[in-house]
>>> print(open('target-v4.txt').read())   # compact mmCIF, C-alpha atoms
# COMPACT_ATOMS: atom_id res chain seq x y z
CA MET F 1 0.00 0.00 0.00
CA GLU F 2 2.80 2.44 0.84
CA ILE F 3 4.47 1.72 -2.50
CA MET F 4 1.20 2.34 -4.31
CA GLU F 5 0.71 5.65 -2.54
CA THR F 6 4.29 6.66 -3.30
CA ILE F 7 3.79 5.96 -7.00
CA LYS F 8 0.53 7.92 -7.02
CA THR F 9 2.27 10.86 -5.36
CA ARG F 10 5.16 10.62 -7.82
CA ASN F 11 2.83 10.58 -10.82
CA GLY F 12 0.88 13.52 -9.40
CA LEU F 13 4.11 15.48 -9.05
CA PHE F 14 5.06 14.79 -12.67
CA LYS F 15 1.60 15.89 -13.83
CA PHE F 16 2.01 19.09 -11.84
CA PHE F 17 5.34 19.61 -13.57
CA GLY F 18 3.77 19.14 -17.00
CA ILE F 19 0.85 21.45 -16.23
CA THR F 20 3.02 24.28 -14.89
CA LEU F 21 5.45 24.01 -17.80
CA PHE F 22 2.66 24.18 -20.36
CA ALA F 23 0.73 26.88 -18.45
CA GLN F 24 3.83 29.07 -18.17
CA ALA F 25 4.39 28.87 -21.91
CA VAL F 26 0.73 29.73 -22.66
CA THR F 27 0.32 32.65 -20.24
CA SER F 28 3.66 34.11 -21.31
CA LEU F 29 2.74 33.91 -24.99
CA VAL F 30 -0.79 35.27 -24.57
CA GLY F 31 0.11 38.00 -22.09
CA GLY F 32 3.23 39.11 -23.91
CA SER F 33 2.29 38.78 -27.55
CA ILE F 34 -1.46 38.84 -28.08
CA PHE F 35 -2.88 41.13 -25.41
CA LEU F 36 0.00 43.58 -25.22
CA GLY F 37 -1.03 45.10 -28.56
CA PRO F 38 -0.05 48.78 -28.79
CA PHE F 39 2.28 48.43 -25.81
CA ASP F 40 4.59 46.30 -27.91
CA SER F 41 5.80 49.40 -29.72
CA ASN F 42 9.43 50.44 -29.48
CA GLU F 43 8.59 54.11 -29.95
CA ILE F 44 6.59 56.54 -27.84
CA THR F 45 4.86 59.16 -29.93
CA ASP F 46 1.72 61.25 -29.68
CA ALA F 47 -0.16 58.66 -31.71
CA SER F 48 1.13 55.63 -29.78
CA LEU F 49 0.31 57.14 -26.38
CA ARG F 50 -3.23 57.97 -27.52
CA VAL F 51 -3.68 54.42 -28.82
CA MET F 52 -2.45 53.12 -25.48
CA ALA F 53 -4.96 55.30 -23.64
CA ASP F 54 -7.72 53.71 -25.71
CA SER F 55 -6.45 50.20 -24.95
CA THR F 56 -6.35 50.37 -21.17
CA GLN F 57 -8.43 47.26 -20.51
CA VAL F 58 -6.32 45.21 -22.92
CA ALA F 59 -3.18 46.40 -21.13
CA TYR F 60 -4.59 45.46 -17.73
CA ILE F 61 -5.40 41.95 -18.99
CA SER F 62 -1.84 41.68 -20.28
CA ILE F 63 -0.41 42.83 -16.94
CA LEU F 64 -2.56 40.32 -15.05
CA LEU F 65 -1.51 37.46 -17.31
CA GLN F 66 2.15 38.38 -16.96
CA MET F 67 1.81 38.48 -13.19
CA ILE F 68 0.21 35.04 -13.32
CA THR F 69 3.12 33.93 -15.50
CA GLY F 70 5.52 35.04 -12.76
CA ILE F 71 3.65 32.94 -10.18
CA VAL F 72 3.59 29.93 -12.51
CA ILE F 73 7.35 30.31 -13.15
CA ILE F 74 7.98 29.94 -9.41
CA MET F 75 5.63 26.94 -9.28
CA LEU F 76 7.47 25.44 -12.26
CA GLY F 77 10.80 25.93 -10.52
CA VAL F 78 9.46 24.19 -7.41
CA ALA F 79 8.13 21.32 -9.56
CA MET F 80 11.49 20.79 -11.28
CA TYR F 81 13.25 21.02 -7.94
CA ARG F 82 10.99 18.30 -6.59
CA VAL F 83 11.32 15.91 -9.53
CA ALA F 84 15.05 16.28 -10.18
CA GLY F 85 16.61 18.04 -7.20
CA HIS F 86 17.83 14.79 -5.68
CA LYS F 87 20.40 14.56 -8.50
CA GLY F 88 22.15 17.71 -7.34
CA LYS F 89 20.85 19.64 -4.35
CA THR F 90 23.10 22.67 -4.71
CA ILE F 91 22.45 22.95 -8.43
CA ALA F 92 18.70 22.61 -7.89
CA VAL F 93 18.60 25.27 -5.16
CA THR F 94 20.59 27.64 -7.38
CA ALA F 95 18.28 27.02 -10.34
CA LEU F 96 15.17 27.57 -8.21
CA GLY F 97 16.59 30.84 -6.88
CA LEU F 98 17.24 31.98 -10.46
CA TYR F 99 13.67 31.14 -11.48
CA ILE F 100 12.36 33.20 -8.57
CA PHE F 101 14.64 36.07 -9.62
CA GLU F 102 13.28 35.81 -13.18
CA ALA F 103 9.71 36.01 -11.87
CA VAL F 104 10.57 39.11 -9.82
CA LEU F 105 12.10 40.86 -12.84
CA LEU F 106 9.04 40.08 -14.95
CA ALA F 107 6.78 41.49 -12.22
CA VAL F 108 8.90 44.66 -12.03
CA GLY F 109 8.54 45.02 -15.79
CA GLN F 110 4.76 44.99 -15.43
CA VAL F 111 4.97 47.81 -12.87
CA PHE F 112 6.53 49.93 -15.61
CA VAL F 113 3.79 48.88 -18.03
CA PHE F 114 1.17 49.95 -15.50
CA GLY F 115 2.95 53.30 -15.13
CA LEU F 116 2.96 53.67 -18.90
CA VAL F 117 -0.80 53.12 -18.96
CA GLN F 118 -1.27 55.93 -16.44
CA VAL F 119 1.00 58.24 -18.44
CA SER F 120 -0.96 57.55 -21.63
CA GLN F 121 -4.25 58.38 -19.91
CA ILE F 122 -2.92 61.65 -18.51
CA TYR F 123 -1.38 62.54 -21.87
CA SER F 124 -4.64 61.92 -23.73
CA ILE F 125 -6.23 64.57 -21.51
CA SER F 126 -3.45 67.13 -21.09
CA GLY F 127 -1.28 66.69 -24.19
CA ASP F 128 1.76 67.56 -22.04
CA ALA F 129 4.83 66.92 -24.23
CA ASN F 130 6.93 66.12 -21.15
CA LEU F 131 4.91 62.95 -20.75
CA LEU F 132 6.34 61.67 -24.04
CA VAL F 133 9.79 61.65 -22.44
CA LEU F 134 8.46 59.92 -19.33
CA GLY F 135 6.70 57.37 -21.52
CA LYS F 136 9.95 56.59 -23.34
CA VAL F 137 11.74 56.06 -20.03
CA LEU F 138 9.01 53.73 -18.73
CA LEU F 139 8.98 51.75 -21.97
CA SER F 140 12.76 51.38 -21.86
CA CYS F 141 12.64 50.21 -18.24
CA ARG F 142 9.93 47.70 -19.04
CA GLY F 143 12.02 46.32 -21.90
CA PHE F 144 15.16 46.21 -19.77
CA ALA F 145 13.47 44.27 -16.96
CA GLY F 146 11.93 41.75 -19.36
CA GLU F 147 15.09 41.20 -21.36
CA MET F 148 17.35 40.95 -18.34
CA ALA F 149 14.97 38.34 -16.91
CA MET F 150 16.24 36.03 -19.65
CA ILE F 151 19.63 35.83 -17.90
CA PRO F 152 18.40 34.10 -14.70
CA PHE F 153 15.92 32.14 -16.80
CA GLY F 154 18.61 30.91 -19.17
CA VAL F 155 21.07 29.90 -16.49
CA GLY F 156 18.36 28.35 -14.31
CA ALA F 157 16.89 26.44 -17.25
CA ILE F 158 20.28 25.00 -18.23
CA LEU F 159 20.79 23.77 -14.67
CA PHE F 160 17.31 22.29 -14.40
CA TYR F 161 17.38 20.63 -17.83
CA TYR F 162 20.70 19.04 -16.94
CA LEU F 163 19.20 17.62 -13.74
CA LEU F 164 16.06 16.45 -15.57
CA MET F 165 18.24 14.57 -18.04
CA LYS F 166 20.39 13.13 -15.26
CA ALA F 167 17.28 12.00 -13.35
CA GLU F 168 15.87 10.53 -16.58
CA VAL F 169 12.70 12.57 -16.18
CA LEU F 170 13.11 13.61 -19.81
CA PRO F 171 14.60 11.48 -22.55
CA LYS F 172 18.10 12.57 -23.50
CA TRP F 173 17.07 13.95 -26.92
CA LEU F 174 14.38 16.15 -25.37
CA ALA F 175 16.64 17.46 -22.61
CA LEU F 176 19.34 18.19 -25.17
CA TRP F 177 16.82 20.19 -27.20
CA GLY F 178 16.43 22.52 -24.23
CA LEU F 179 20.11 22.53 -23.32
CA ILE F 180 21.18 23.44 -26.85
CA THR F 181 18.53 26.07 -27.62
CA VAL F 182 18.08 27.92 -24.32
CA PRO F 183 21.61 29.43 -24.40
CA LEU F 184 20.54 31.28 -27.54
CA ILE F 185 17.79 32.97 -25.50
CA LEU F 186 20.25 33.63 -22.68
CA VAL F 187 22.69 35.44 -25.00
CA CYS F 188 20.62 36.98 -27.80
CA VAL F 189 17.79 38.63 -25.84
CA PRO F 190 19.96 40.55 -23.32
CA LEU F 191 22.28 41.67 -26.14
CA ALA F 192 19.32 43.40 -27.80
CA THR F 193 18.98 45.57 -24.69
CA PHE F 194 22.35 47.11 -25.43
CA GLY F 195 21.67 47.62 -29.12
CA ILE F 196 23.39 44.48 -30.39
CA GLU F 197 20.80 42.97 -32.69
CA THR F 198 20.78 39.27 -33.47
CA SER F 199 18.62 37.27 -35.83
CA PHE F 200 15.18 36.41 -34.47
CA ALA F 201 15.58 33.06 -36.21
CA LEU F 202 18.05 32.06 -33.49
CA LEU F 203 15.27 32.20 -30.90
CA ILE F 204 12.75 30.12 -32.83
CA PRO F 205 14.19 26.64 -32.04
CA TYR F 206 13.41 27.06 -28.32
CA VAL F 207 9.90 28.47 -28.72
CA PRO F 208 8.02 25.13 -29.04
CA PHE F 209 10.17 23.37 -26.45
CA GLU F 210 8.11 24.23 -23.36
CA PHE F 211 4.79 23.49 -25.10
CA PHE F 212 6.04 20.17 -26.44
CA THR F 213 7.72 19.12 -23.19
CA GLY F 214 4.68 20.02 -21.09
CA ILE F 215 2.41 17.95 -23.34
CA TYR F 216 4.96 15.11 -23.40
CA ILE F 217 5.06 14.93 -19.58
CA LEU F 218 1.27 15.07 -19.28
CA ILE F 219 0.76 12.29 -21.83
CA LYS F 220 3.54 10.13 -20.40
CA TYR F 221 2.13 10.20 -16.87
CA ARG F 222 -1.57 10.48 -17.69
CA ASN F 223 -2.31 6.78 -17.60
CA LYS F 224 0.61 5.48 -15.60
CA LYS F 225 -0.52 2.32 -13.85
CA VAL F 226 -0.03 2.07 -10.14
CA GLU F 227 1.76 -1.21 -10.48
CA GLU F 228 4.59 0.27 -12.61
>>> encode(input="target-v4.txt", output="structure tokens")
Amino acid sequence: MEIMETIKTRNGLFKFFGITLFAQAVTSLVGGSIFLGPFDSNEITDASLRVMADSTQVAYISILLQMITGIVIIMLGVAMYRVAGHKGKTIAVTALGLYIFEAVLLAVGQVFVFGLVQVSQIYSISGDANLLVLGKVLLSCRGFAGEMAMIPFGVGAILFYYLLMKAEVLPKWLALWGLITVPLILVCVPLATFGIETSFALLIPYVPFEFFTGIYILIKYRNKKVEE
């Protein structure tokens, strides 16, 4: 009976891992790409601020989803720590700390987005040109926080994927997919912050990884028999 309960708990933990991995990928994509809309602009102009002021509800939905993403990132880090941490305690603790740091940076970025929303609303009423400068600063800070978050994410992901491969939670080919592609995110995205542009094509190989891996884990452990 104890063995059966242990297996059930183990399978539940793996399902939690799959759900959080997939959920993090979805909320990040939706909140960052679909709902952000006019706030995805790299320029602050009279026209863009007025469009932002007319898209307040969309922006708030985006902010909420990104905040949820931050929470899910921490949950994902805890899940990976639980399923693979026994293969390297120090490495796992370090990776979890980096995931928490990533979540904090993403949350800070959303504070700047919220401030940008307020600036756009005030500007639509007053037309104060000084608010254009403030808007540019807030947009830059938001971009900086989000792009710098890829550093703790990248390092933490490399550590976790290594442990997942070592613990045989993921097949070697799948773990290697993450280990080979995530360094491109780690390097290319922060470089863009400092004006060093890289090809977007370098980021594409990692994009489906979290979706695919989350689905893989859920399918693999969906119908695991207790007697296994």
>>> atom_distance(input="target-v4.txt", atom1="atom CA of Leu76 of chain F", atom2="atom CA of Val108 of chain F")
19.3 Å
>>> atom_distance(input="target-v4.txt", atom1="atom CA of Leu13 of chain F", atom2="atom CA of Ile185 of chain F")
27.6 Å
>>> closest_residue(input="target-v4.txt", among="F:Val58, F:Ile44, F:Gly135, F:Gly70", to="Thr27 of chain F", atoms="all atoms listed in the file")
F:Gly70
>>> closest_residue(input="target-v4.txt", among="F:Gly88, F:Pro171, F:Phe22, F:Asn11", to="Phe212 of chain F", atoms="all atoms listed in the file")
F:Phe22
>>> atom_distance(input="target-v4.txt", atom1="atom CA of Phe211 of chain F", atom2="atom CA of Val30 of chain F")
13.0 Å
>>> build_atoms(input="target-v4.txt", residues="segment 198-213 of chain F", atoms="N, CA and C atoms", output="PDB file, in the coordinates of the input")
ATOM      1  N   THR F 198      20.507  40.602 -32.945  1.00  0.00           N
ATOM      2  CA  THR F 198      20.780  39.270 -33.470  1.00  0.00           C
ATOM      3  C   THR F 198      19.556  38.793 -34.236  1.00  0.00           C
ATOM      4  N   SER F 199      19.719  37.781 -35.018  1.00  0.00           N
ATOM      5  CA  SER F 199      18.620  37.270 -35.830  1.00  0.00           C
ATOM      6  C   SER F 199      17.548  36.624 -34.956  1.00  0.00           C
ATOM      7  N   PHE F 200      16.295  36.998 -35.211  1.00  0.00           N
ATOM      8  CA  PHE F 200      15.180  36.410 -34.470  1.00  0.00           C
ATOM      9  C   PHE F 200      15.098  34.905 -34.718  1.00  0.00           C
ATOM     10  N   ALA F 201      15.615  34.482 -35.858  1.00  0.00           N
ATOM     11  CA  ALA F 201      15.580  33.060 -36.210  1.00  0.00           C
ATOM     12  C   ALA F 201      16.325  32.211 -35.188  1.00  0.00           C
ATOM     13  N   LEU F 202      17.291  32.809 -34.493  1.00  0.00           N
ATOM     14  CA  LEU F 202      18.050  32.060 -33.490  1.00  0.00           C
ATOM     15  C   LEU F 202      17.203  31.700 -32.280  1.00  0.00           C
ATOM     16  N   LEU F 203      16.124  32.447 -32.061  1.00  0.00           N
ATOM     17  CA  LEU F 203      15.270  32.200 -30.900  1.00  0.00           C
ATOM     18  C   LEU F 203      14.181  31.174 -31.182  1.00  0.00           C
ATOM     19  N   ILE F 204      13.872  30.978 -32.450  1.00  0.00           N
ATOM     20  CA  ILE F 204      12.750  30.120 -32.830  1.00  0.00           C
ATOM     21  C   ILE F 204      12.899  28.675 -32.364  1.00  0.00           C
ATOM     22  N   PRO F 205      14.087  28.047 -32.442  1.00  0.00           N
ATOM     23  CA  PRO F 205      14.190  26.640 -32.040  1.00  0.00           C
ATOM     24  C   PRO F 205      13.724  26.343 -30.622  1.00  0.00           C
ATOM     25  N   TYR F 206      13.831  27.328 -29.697  1.00  0.00           N
ATOM     26  CA  TYR F 206      13.410  27.060 -28.320  1.00  0.00           C
ATOM     27  C   TYR F 206      11.911  27.240 -28.120  1.00  0.00           C
ATOM     28  N   VAL F 207      11.301  28.074 -28.939  1.00  0.00           N
ATOM     29  CA  VAL F 207       9.900  28.470 -28.720  1.00  0.00           C
ATOM     30  C   VAL F 207       8.966  27.292 -28.464  1.00  0.00           C
ATOM     31  N   PRO F 208       8.972  26.225 -29.289  1.00  0.00           N
ATOM     32  CA  PRO F 208       8.020  25.130 -29.040  1.00  0.00           C
ATOM     33  C   PRO F 208       8.444  24.164 -27.939  1.00  0.00           C
ATOM     34  N   PHE F 209       9.646  24.344 -27.400  1.00  0.00           N
ATOM     35  CA  PHE F 209      10.170  23.370 -26.450  1.00  0.00           C
ATOM     36  C   PHE F 209       9.271  23.206 -25.221  1.00  0.00           C
ATOM     37  N   GLU F 210       8.887  24.316 -24.585  1.00  0.00           N
ATOM     38  CA  GLU F 210       8.110  24.230 -23.360  1.00  0.00           C
ATOM     39  C   GLU F 210       6.716  23.660 -23.619  1.00  0.00           C
ATOM     40  N   PHE F 211       6.092  24.051 -24.746  1.00  0.00           N
ATOM     41  CA  PHE F 211       4.790  23.490 -25.100  1.00  0.00           C
ATOM     42  C   PHE F 211       4.910  21.980 -25.303  1.00  0.00           C
ATOM     43  N   PHE F 212       5.872  21.582 -26.104  1.00  0.00           N
ATOM     44  CA  PHE F 212       6.040  20.170 -26.440  1.00  0.00           C
ATOM     45  C   PHE F 212       6.382  19.348 -25.202  1.00  0.00           C
ATOM     46  N   THR F 213       7.301  19.868 -24.374  1.00  0.00           N
ATOM     47  CA  THR F 213       7.720  19.120 -23.190  1.00  0.00           C
ATOM     48  C   THR F 213       6.586  19.000 -22.183  1.00  0.00           C
TER      49      THR F 213
END
